[in-house]
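Trainee: query-v4.cif is the file, holding mmCIF, C-alpha atoms:
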```cif
data_target
loop_
_atom_site.label_atom_id
_atom_site.label_comp_id
_atom_site.auth_asym_id
_atom_site.auth_seq_id
_atom_site.Cartn_x
_atom_site.Cartn_y
_atom_site.Cartn_z
CA MET A 1 94.51 158.85 32.93
CA LEU A 2 94.35 156.04 35.34
CA ASN A 3 93.15 157.21 38.73
CA THR A 4 92.87 154.71 41.55
CA LYS A 5 92.90 154.92 45.35
CA ILE A 6 96.66 154.47 45.09
CA THR A 7 97.34 157.38 42.74
CA ASP A 8 95.18 159.60 44.99
CA LEU A 9 96.73 158.44 48.25
CA PHE A 10 100.35 158.82 47.15
CA GLY A 11 100.05 161.63 44.60
CA LEU A 12 101.13 159.56 41.60
CA LYS A 13 100.49 159.68 37.88
CA TYR A 14 100.49 155.88 37.60
CA PRO A 15 99.37 153.38 40.30
CA ILE A 16 102.70 151.61 40.39
CA PHE A 17 105.34 151.03 43.06
CA GLN A 18 108.86 149.88 42.33
CA GLY A 19 109.78 147.13 44.78
CA GLY A 20 112.27 148.18 47.47
CA MET A 21 114.81 145.48 46.68
CA ALA A 22 117.86 145.25 48.93
CA TRP A 23 121.06 146.50 47.23
CA VAL A 24 119.21 146.90 43.91
CA ALA A 25 116.77 149.69 44.73
CA THR A 26 119.11 152.62 45.21
CA ALA A 27 118.36 156.34 45.08
CA GLU A 28 119.01 156.41 41.31
CA LEU A 29 116.36 153.80 40.53
CA ALA A 30 113.82 155.16 43.02
CA ALA A 31 114.20 158.69 41.66
CA ALA A 32 113.86 157.52 38.05
CA VAL A 33 110.61 155.71 38.86
CA SER A 34 109.23 158.67 40.82
CA ASN A 35 110.18 161.08 38.04
CA ALA A 36 108.30 158.86 35.60
CA GLY A 37 105.11 159.14 37.66
CA GLY A 38 105.31 155.95 39.73
CA LEU A 39 106.49 155.55 43.30
CA GLY A 40 110.18 154.78 43.65
CA ILE A 41 111.25 152.94 46.78
CA ILE A 42 114.74 152.70 48.24
CA GLY A 43 115.58 149.26 49.63
CA ALA A 44 117.13 149.41 53.10
CA GLY A 45 117.71 145.65 53.22
CA ASN A 46 120.36 144.79 55.79
CA ALA A 47 122.26 148.03 55.21
CA PRO A 48 123.30 150.26 58.11
CA ALA A 49 121.30 153.39 58.88
CA SER A 50 123.98 155.76 57.55
CA PHE A 51 123.67 154.19 54.09
CA VAL A 52 119.90 154.62 54.19
CA ARG A 53 120.21 158.28 55.12
CA GLU A 54 122.67 158.88 52.25
CA GLN A 55 120.29 157.22 49.83
CA ILE A 56 117.32 159.29 50.99
CA GLN A 57 119.29 162.52 50.64
CA LYS A 58 120.57 161.51 47.23
CA ALA A 59 117.05 160.67 46.02
CA ARG A 60 115.89 164.12 47.19
CA ARG A 61 118.52 165.70 44.95
CA LEU A 62 117.39 163.59 41.98
CA THR A 63 113.62 164.08 42.26
CA ASP A 64 111.10 166.45 43.77
CA LYS A 65 108.41 163.75 43.61
CA PRO A 66 107.43 161.52 46.53
CA PHE A 67 109.39 158.33 47.09
CA GLY A 68 109.54 155.69 49.82
CA VAL A 69 111.85 153.39 51.73
CA ASN A 70 111.42 149.65 52.19
CA VAL A 71 112.33 148.69 55.73
CA MET A 72 113.31 145.07 56.12
CA LEU A 73 112.12 144.12 59.58
CA MET A 74 114.60 141.26 60.02
CA SER A 75 117.55 143.60 59.47
CA PRO A 76 119.96 143.88 62.41
CA PHE A 77 119.72 147.66 61.93
CA VAL A 78 115.93 147.90 61.79
CA ASP A 79 115.56 150.20 64.82
CA GLU A 80 118.18 152.65 63.56
CA VAL A 81 116.72 152.61 60.05
CA MET A 82 113.30 153.46 61.48
CA GLU A 83 114.87 156.43 63.31
CA ILE A 84 116.35 157.71 60.04
CA VAL A 85 113.04 157.34 58.24
CA LEU A 86 111.34 159.31 61.03
CA GLU A 87 114.00 162.03 61.07
CA GLU A 88 114.05 162.40 57.31
CA ARG A 89 110.24 162.27 57.16
CA VAL A 90 110.07 160.28 53.94
CA SER A 91 106.57 160.25 52.51
CA MET A 92 105.99 156.54 52.95
CA ILE A 93 107.56 153.24 53.86
CA THR A 94 106.85 149.70 52.84
CA THR A 95 107.83 146.94 55.23
CA GLY A 96 108.86 143.37 54.62
CA ALA A 97 109.65 140.18 56.49
CA GLY A 98 107.43 140.72 59.51
CA ASN A 99 105.01 142.89 61.38
CA PRO A 100 105.72 146.64 61.74
CA GLY A 101 103.12 147.05 64.51
CA LYS A 102 105.42 148.41 67.19
CA TYR A 103 106.64 151.29 64.97
CA ILE A 104 103.35 152.35 63.47
CA SER A 105 102.16 154.98 65.97
CA ARG A 106 105.37 157.03 65.68
CA LEU A 107 105.29 156.81 61.88
CA LYS A 108 101.68 157.97 61.79
CA GLU A 109 102.49 160.87 64.12
CA ARG A 110 104.93 162.14 61.51
CA ASN A 111 102.47 161.58 58.70
CA ILE A 112 104.57 158.86 57.13
CA LYS A 113 102.34 156.43 55.27
CA VAL A 114 102.86 152.76 56.04
CA VAL A 115 102.30 150.02 53.49
CA PRO A 116 103.27 146.55 54.73
CA VAL A 117 103.94 143.68 52.36
CA VAL A 118 101.65 140.83 53.39
CA PRO A 119 101.62 137.16 52.33
CA SER A 120 98.34 136.23 54.05
CA VAL A 121 94.80 137.45 54.76
CA ALA A 122 95.27 137.47 58.54
CA LEU A 123 98.33 139.71 58.41
CA ALA A 124 96.53 142.04 55.99
CA LYS A 125 93.61 142.38 58.44
CA ARG A 126 95.97 142.90 61.34
CA MET A 127 97.80 145.65 59.42
CA GLU A 128 94.52 147.37 58.60
CA SER A 129 93.50 147.28 62.26
CA ILE A 130 96.72 148.96 63.43
CA GLY A 131 96.39 151.75 60.86
CA ALA A 132 98.25 150.74 57.69
CA ASP A 133 97.36 153.00 54.74
CA ALA A 134 97.38 150.17 52.20
CA VAL A 135 98.85 146.70 51.89
CA ILE A 136 100.94 145.02 49.23
CA ALA A 137 99.66 141.49 48.66
CA GLU A 138 102.75 139.75 47.37
CA GLY A 139 102.52 136.31 45.79
CA THR A 140 105.14 133.61 45.76
CA GLU A 141 106.08 134.46 42.16
CA SER A 142 108.22 137.30 43.53
CA GLY A 143 111.97 137.30 43.86
CA GLY A 144 113.74 137.35 47.20
CA HIS A 145 111.96 136.35 50.41
CA ILE A 146 108.58 134.87 49.57
CA GLY A 147 105.33 133.53 50.99
CA GLU A 148 103.40 130.48 49.85
CA LEU A 149 100.28 131.81 48.09
CA THR A 150 100.27 132.83 44.46
CA THR A 151 99.32 136.35 43.43
CA MET A 152 96.26 134.98 41.63
CA ALA A 153 94.95 133.36 44.83
CA LEU A 154 96.18 135.90 47.40
CA VAL A 155 95.11 139.24 45.90
CA PRO A 156 91.33 138.68 45.66
CA GLN A 157 91.23 137.15 49.14
CA VAL A 158 93.06 140.13 50.63
CA VAL A 159 90.87 142.55 48.63
CA ASP A 160 87.77 140.96 50.15
CA ALA A 161 89.21 140.98 53.68
CA VAL A 162 90.23 144.64 54.04
CA SER A 163 88.82 148.02 53.06
CA ILE A 164 92.16 149.79 52.61
CA PRO A 165 93.64 149.74 49.07
CA VAL A 166 95.51 146.63 47.96
CA ILE A 167 98.56 146.63 45.72
CA ALA A 168 99.30 143.41 43.85
CA ALA A 169 102.87 142.16 43.58
CA GLY A 170 104.56 139.03 42.34
CA GLY A 171 104.70 137.79 38.76
CA ILE A 172 103.85 141.08 37.06
CA GLY A 173 106.16 142.01 34.20
CA ASP A 174 104.09 143.58 31.43
CA GLY A 175 100.76 145.23 30.62
CA ARG A 176 98.95 141.91 30.73
CA GLY A 177 100.05 141.36 34.32
CA VAL A 178 99.01 144.89 35.28
CA ALA A 179 95.56 144.39 33.71
CA ALA A 180 95.20 141.06 35.51
CA ALA A 181 96.04 142.67 38.86
CA PHE A 182 93.23 145.20 38.38
CA CYS A 183 90.87 142.37 37.43
CA LEU A 184 91.72 140.72 40.76
CA GLY A 185 90.62 143.86 42.57
CA ALA A 186 93.96 145.55 43.19
CA SER A 187 94.18 149.36 43.10
CA GLY A 188 97.84 149.32 42.13
CA VAL A 189 100.80 147.12 41.31
CA GLN A 190 104.33 146.69 42.57
CA LEU A 191 107.03 145.41 40.24
CA GLY A 192 110.55 144.44 41.22
CA THR A 193 112.28 142.25 38.66
CA ARG A 194 111.08 144.40 35.72
CA PHE A 195 112.78 147.43 37.27
CA VAL A 196 116.05 145.60 37.90
CA CYS A 197 116.25 145.55 34.11
CA SER A 198 115.96 149.32 33.78
CA THR A 199 118.72 151.60 32.53
CA GLU A 200 118.79 153.62 35.75
CA CYS A 201 119.12 150.61 38.04
CA THR A 202 122.65 150.63 39.45
CA ALA A 203 122.90 146.85 39.84
CA ASN A 204 125.82 145.22 38.05
CA GLU A 205 125.13 144.75 34.32
CA LYS A 206 125.83 141.03 34.69
CA TYR A 207 122.97 140.76 37.19
CA LYS A 208 120.58 142.48 34.78
CA GLN A 209 121.75 140.35 31.87
CA TYR A 210 121.30 137.15 33.90
CA ILE A 211 117.63 138.07 34.31
CA VAL A 212 117.27 138.93 30.62
CA ASN A 213 118.74 135.53 29.72
CA ALA A 214 116.63 133.58 32.25
CA LYS A 215 113.98 131.12 31.11
CA ASP A 216 110.60 130.42 32.69
CA ARG A 217 111.77 127.72 35.13
CA ASP A 218 115.02 129.34 36.21
CA ALA A 219 113.71 131.18 39.28
CA VAL A 220 113.97 128.53 41.98
CA VAL A 221 113.27 128.50 45.72
CA THR A 222 115.90 127.60 48.29
CA GLY A 223 116.00 127.74 52.07
CA ARG A 224 112.54 126.37 52.83
CA ALA A 225 114.13 124.50 55.75
CA THR A 226 115.21 127.78 57.36
CA GLY A 227 111.61 129.02 57.42
CA HIS A 228 112.65 131.94 55.21
CA PRO A 229 112.48 130.68 51.62
CA VAL A 230 114.15 132.77 48.93
CA ARG A 231 113.56 132.83 45.19
CA SER A 232 116.59 133.40 43.00
CA LEU A 233 117.88 132.37 39.60
CA LYS A 234 119.44 128.95 39.26
CA ASN A 235 123.25 128.94 39.48
CA HIS A 236 126.11 127.33 41.45
CA LEU A 237 124.80 128.80 44.68
CA THR A 238 121.25 127.47 44.34
CA ARG A 239 122.64 124.01 43.54
CA GLU A 240 124.93 124.16 46.55
CA PHE A 241 121.91 125.13 48.66
CA GLU A 242 119.86 122.24 47.31
CA LYS A 243 122.63 119.79 48.13
CA ALA A 244 123.07 121.18 51.62
CA GLU A 245 119.32 120.95 52.24
CA GLN A 246 119.20 117.36 50.98
CA ASN A 247 122.09 116.49 53.28
CA GLY A 248 120.13 117.89 56.21
CA ALA A 249 122.25 120.97 56.85
CA SER A 250 121.24 122.94 59.94
CA LYS A 251 119.44 126.27 59.82
CA GLU A 252 122.65 128.00 60.88
CA GLU A 253 124.70 126.31 58.15
CA LEU A 254 122.17 127.31 55.50
CA GLU A 255 122.01 130.88 56.73
CA LYS A 256 125.79 131.03 56.67
CA LEU A 257 125.77 129.79 53.07
CA GLY A 258 123.50 132.67 52.02
CA GLU A 259 125.30 135.43 53.90
CA GLY A 260 126.50 138.33 51.75
CA LYS A 261 125.57 136.49 48.56
CA LEU A 262 122.99 139.00 47.34
CA ARG A 263 125.57 141.75 47.50
CA ASP A 264 128.07 139.58 45.60
CA ALA A 265 125.59 139.27 42.76
CA VAL A 266 124.10 142.78 42.70
CA VAL A 267 127.19 144.85 43.41
CA TYR A 268 130.06 142.69 42.13
CA GLY A 269 128.21 140.85 39.36
CA ASP A 270 129.04 137.36 40.65
CA VAL A 271 126.04 135.70 39.02
CA LEU A 272 127.40 132.18 39.44
CA ASN A 273 128.19 132.09 43.16
CA GLY A 274 126.08 135.03 44.31
CA SER A 275 122.34 135.15 44.97
CA VAL A 276 120.59 136.49 41.86
CA MET A 277 117.25 137.19 43.50
CA ALA A 278 114.56 137.60 40.87
CA GLY A 279 110.95 136.60 40.29
CA GLN A 280 109.30 133.96 38.13
CA ILE A 281 108.55 136.62 35.53
CA SER A 282 112.29 136.84 34.69
CA GLY A 283 111.68 134.62 31.68
CA LEU A 284 109.39 137.26 30.19
CA ILE A 285 111.87 140.10 30.50
CA SER A 286 113.98 140.49 27.40
CA ASP A 287 115.39 144.00 27.42
CA ILE A 288 116.87 146.76 29.56
CA LYS A 289 115.29 150.18 29.07
CA PRO A 290 114.57 153.43 30.93
CA ALA A 291 112.10 153.28 33.82
CA LYS A 292 109.87 155.84 32.12
CA GLU A 293 109.53 153.67 29.01
CA ILE A 294 108.79 150.63 31.15
CA ILE A 295 106.00 152.40 33.03
CA GLU A 296 104.40 154.04 30.02
CA GLU A 297 104.40 150.78 28.09
CA LEU A 298 102.91 148.89 31.05
CA PHE A 299 99.94 151.22 31.33
CA ASP A 300 99.41 151.82 27.60
CA ASP A 301 99.20 148.06 27.14
CA ALA A 302 97.08 147.49 30.25
CA LYS A 303 94.56 150.09 29.14
CA LYS A 304 94.26 148.57 25.67
CA ILE A 305 93.85 145.09 27.11
CA ILE A 306 91.14 146.10 29.55
CA LYS A 307 89.26 148.03 26.86
CA ASN A 308 89.38 145.14 24.42
CA LEU A 309 88.36 142.67 27.11
CA TYR A 310 85.15 144.55 27.77
CA GLY A 311 84.39 144.59 24.04
CA GLY A 312 85.09 140.91 23.90
CA PHE A 313 82.70 140.05 26.72
CA GLU A 314 79.71 141.86 25.29
CA MET B 1 90.25 132.11 81.60
CA GLU B 2 90.08 128.36 81.41
CA PHE B 3 92.87 126.42 79.75
CA GLU B 4 90.44 124.22 77.81
CA LYS B 5 88.96 127.15 75.93
CA ILE B 6 92.38 128.45 74.92
CA ARG B 7 93.47 124.94 73.99
CA ASP B 8 90.46 124.51 71.72
CA ILE B 9 91.32 127.68 69.82
CA ILE B 10 94.93 126.56 69.43
CA VAL B 11 93.79 123.14 68.22
CA GLU B 12 91.48 124.71 65.68
CA GLN B 13 93.92 127.33 64.45
CA LEU B 14 97.01 125.17 64.19
CA GLY B 15 95.38 121.83 63.35
CA VAL B 16 97.15 119.97 66.17
CA ASP B 17 95.86 117.27 68.52
CA PRO B 18 94.57 118.43 71.92
CA GLU B 19 97.06 116.12 73.69
CA GLU B 20 99.96 117.98 72.08
CA VAL B 21 98.91 121.25 73.70
CA THR B 22 100.43 121.61 77.14
CA MET B 23 101.40 124.71 79.11
CA GLU B 24 105.02 124.10 78.08
CA SER B 25 104.50 123.63 74.32
CA SER B 26 106.21 126.20 72.14
CA PHE B 27 104.10 127.31 69.18
CA ILE B 28 107.00 127.26 66.75
CA ASP B 29 109.18 124.40 68.04
CA ASP B 30 106.50 121.97 69.26
CA LEU B 31 103.29 122.85 67.44
CA GLY B 32 104.77 123.59 64.01
CA ALA B 33 103.46 127.14 63.79
CA ASP B 34 105.15 129.88 61.76
CA SER B 35 104.93 133.62 62.35
CA LEU B 36 101.84 133.91 60.13
CA ASP B 37 100.07 131.15 62.08
CA ILE B 38 100.79 133.10 65.25
CA VAL B 39 99.21 136.25 63.77
CA GLU B 40 96.07 134.23 63.02
CA LEU B 41 96.08 132.71 66.48
CA ILE B 42 96.44 136.07 68.20
CA MET B 43 93.55 137.46 66.19
CA ALA B 44 91.36 134.46 67.02
CA LEU B 45 92.14 134.92 70.72
CA GLU B 46 91.33 138.63 70.52
CA GLU B 47 87.98 137.84 68.98
CA GLU B 48 87.09 135.01 71.36
CA PHE B 49 88.00 136.85 74.55
CA ASP B 50 87.14 140.35 73.31
CA VAL B 51 90.58 141.73 74.18
CA GLU B 52 93.30 143.57 72.33
CA ILE B 53 96.77 142.09 72.19
CA PRO B 54 99.20 144.74 70.88
CA ASP B 55 102.06 143.56 68.64
CA GLU B 56 104.66 144.43 71.29
CA ASP B 57 103.01 141.90 73.60
CA ALA B 58 102.26 139.39 70.87
CA GLU B 59 105.98 139.26 70.05
CA LYS B 60 106.73 137.93 73.53
CA ILE B 61 104.25 135.08 73.33
CA LYS B 62 106.21 131.89 72.65
CA THR B 63 104.42 129.10 74.52
CA VAL B 64 100.89 128.07 75.39
CA GLY B 65 101.70 129.01 78.98
CA ASP B 66 102.57 132.54 77.85
CA VAL B 67 99.09 132.93 76.34
CA VAL B 68 97.34 131.61 79.45
CA GLU B 69 99.41 133.88 81.65
CA TYR B 70 98.88 136.91 79.42
CA LEU B 71 95.11 136.52 79.27
CA LYS B 72 94.96 135.91 83.01
CA ASN B 73 96.76 139.21 83.64
CA LEU B 74 94.39 141.05 81.33
CA GLU B 75 91.44 139.79 83.35
CA LYS B 76 92.69 141.37 86.55
#
```
Could you render the structure from this file as C-alpha cells?
Mentor:
Amino acid sequence: MLNTKITDLFGLKYPIFQGGMAWVATAELAAAVSNAGGLGIIGAGNAPASFVREQIQKARRLTDKPFGVNVMLMSPFVDEVMEIVLEERVSMITTGAGNPGKYISRLKERNIKVVPVVPSVALAKRMESIGADAVIAEGTESGGHIGELTTMALVPQVVDAVSIPVIAAGGIGDGRGVAAAFCLGASGVQLGTRFVCSTECTANEKYKQYIVNAKDRDAVVTGRATGHPVRSLKNHLTREFEKAEQNGASKEELEKLGEGKLRDAVVYGDVLNGSVMAGQISGLISDIKPAKEIIEELFDDAKKIIKNLYGGFE
Amino acid sequence: MEFEKIRDIIVEQLGVDPEEVTMESSFIDDLGADSLDIVELIMALEEEFDVEIPDEDAEKIKTVGDVVEYLKNLEK
C-alpha cells in the first residue's frame, strides 16, 4: 500500500486526483476514478450551477466513495456554483484560476476540504495561511489554463514553503512521472490528460483520439497576450490564434476567438476548429483504457521504479 | 504610513523604477504586475507593516493610492 498525507486526508486507496477539467470531467469520469481508489473531481468550468448540481447528484448515484468539484474562479457563475457545493456538502473542492480566499470560511464551516491549484510559491503560502487543506502545485506542462513554472521547478519550491501536503500536477502521464513527483517531495499527484483517455470519460471519441495521436511538440500555448495563456493541441484554431496575436489583436478579440471552443472540441468532437486542451504529456499517451487500469498501472510502475532506484543508488 | 516606505516595497517586489510609482499608478496597467505579483506584494506589505489584509480587501486594491489609503485606514 501507498499511504501518504493525501490518502489519509481524503480517505483514498491511491494518492491520486483526477483533474477537474471543464466539460471533460463529468460525473461518469469522477465516479470511475473514485471507485478505483483515487479522487474523482467534477469540473464546473463555466457551466451554470444547475449543471453542477446534476453532476454531483449523478456522481453520488455512481459511487459511494468521496469525490470533489473543481470550481473555476473566473466563471461567471462562480458564486452560484459555490452555493451548490455548500448545499450539497461535497467532500472537497479544488479551485483554479484565482484565489478562493473569500469563500474559504464558509467552506470550512461545512467541513468541505479546500485544495487550491497554485502556480507560485507566494500563492501557496497565502492559501496555507487562510486554511487550505493542501495545495496542487501545477506546472506549465498542464493542459488548459497554465502558469509559467515547470512542475520540476515549482513542486520542490512549494514543498519547502508550506507545511500542508502538496500534490504535483502537470506533465505526469505514467509511473515514471508519479515516481518523479514523489522524489520532488509531493504527497500525491493530479493527472488530467491521462484520464481524458480513459474509457469512462464522456468526452467525444475524436477528442480522445486526437490526444492519442499527438506528438511531443503538439501541445502549444496561445493567448499569452490576454494574460490567461492556454495550452491545447495544435490545429486550425491554434494557428488562427497565433496569427491574430502576431497581428496585434486586442484582448477582447482574442477572448472572442476562444469562446465556446473547448465545448466544440470536447462535446461535439470538432478537433480542428475547437480547443483541444491537453498537456505536454499527450505525446506519451497511446491508448484509451479504464480508469482503474490506468491507476493501478501508474502505482505498480511507480513502486517498482522507486524500489529499483534505491537499489541503484547503494 | 509614509509613501516612501510603501514605494520601496513596490519597487522591490515588482522590479520597477521608483519614478514610475505614483499614487495614480495602476499595478496591472502601469506597473506590469499580474495577479500573482499582487499576491506577493500584499504578503510583503503584511509582513512589513505587521497587518493582515484579507482577500476581500486585497481584491479591491488596484492602484498605489489604494494601498496607501488602505494602510492609512488600518492605522486609525
Trainee: Go through A:Gln157, A:Thr7, A:Thr95, A:Thr226 and flag the residue nearest chain B, using only C-alpha atoms for the distances.
Mentor: A:Thr226
Trainee: List the residues sitting within 12 Å of (110.7, 142.0, 58.8) in the file's frame, using all atoms listed in the file, as number ranges by chain.
Mentor: A: 44-46, 70-79, 94-103, 116-118, 145-146, 228; B: 35
Trainee: So that I can check the surroundings of range 42-45 of chain B, please list as a count of residues only every protein, DNA and RNA residue that reaches within 12 Å of it, counting only C-alpha atoms and ignoring chain neighbours fewer than 2 positions away.
Mentor: 47
Trainee: CA of Ala180 in chain A to CA of Ser286 in chain A: how many Å, to one decimal?
Mentor: 20.5 Å
Trainee: List the residues matched by the PyMOL selection byres ((chain A and resi 270-281) around 8) in the displayed structure as JSON, numbers by chain, ordered by chain and then by residue number.
Mentor: {"A": [141, 142, 143, 144, 170, 171, 172, 173, 192, 193, 206, 207, 210, 211, 216, 217, 218, 219, 230, 231, 232, 233, 235, 236, 237, 238, 258, 261, 262, 263, 264, 265, 266, 268, 269, 282, 283, 284, 285]}
Trainee: How would you write, as an MDAnalysis selection string, the residues chosen by the PyMOL selection byres ((chain A and resi 289-295) around 12) on this structure?
Mentor: chainID A and resid 13:18 28:40 173:175 178 189:201 208 212 285:288 296:302
Trainee: Could you tell me which residues the PyMOL selection byres ((chain A and resi 55) around 10) grabs in this file, written as a PyMOL selection string?
Mentor: chain A and resi 25-28+30+42-44+49-54+56-61+69
Trainee: For each of A:Ala214, A:Ala249, A:Val267, A:Ile104, take the minimum atom-to-atom distance to chain B, counting only C-alpha atoms, then give the residue where this is smallest.
Mentor: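 Using only C-alpha atoms, chain B sits closest to A:Ile104.
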Trainee: Please provide the set of residues having any atom within 9 Å of Ser25 in chain B, restricted to all atoms listed in the file, with same-chain residues fewer than 3 positions apart removed, written as a list in words.
Mentor: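 Once the nearby chain positions are removed, what remains is Glu20, Val21, Thr22, Ile28, Asp29, Asp30, Leu31, Lys62, Thr63, Val64 and Gly65 of chain B.
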Trainee: Considering all atoms listed in the file, can you say which of B:Glu75, B:Phe3, B:Glu46, B:Glu69 comes closest to chain A?
Mentor: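 Checking each of B:Glu75, B:Phe3, B:Glu46, B:Glu69 against chain A, counting all atoms listed in the file, the winner is B:Glu46.
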Trainee: Mind pulling up the distance from CA of Gly11 in chain A to CA of Phe182 in chain A?
Mentor: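 Spanning CA of Phe182 in chain A to CA of Gly11 in chain A is a straight-line distance of 18.8 Å.
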Trainee: So what do you get for CA of Asn73 in chain B versus CA of Glu56 in chain B, distance-wise?
Mentor: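 We find that CA of Asn73 in chain B and CA of Glu56 in chain B lie 15.6 Å from each other.
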Trainee: For a quick check of understanding, using only C-alpha atoms, which of A:Pro48, A:Gly177, A:Pro119, A:Gly223 has the smallest distance to chain B?
Mentor: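 Counting only C-alpha atoms, the residue closest to chain B is A:Pro119.
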Trainee: Would you mind telling me which residue in B:Ser26, B:Gly15, B:Leu74, B:Asp34 lies nearest to chain A when using all atoms listed in the file?
Mentor: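 Closest candidate: B:Asp34.
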Trainee: Give the answer as one residue: which of B:Ala33, B:Asp17, B:Glu24, B:Lys72 has the shortest atom-to-atom distance to chain A, using only C-alpha atoms?
Mentor: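 Of the candidates, the smallest distance to chain A is held by B:Ala33.
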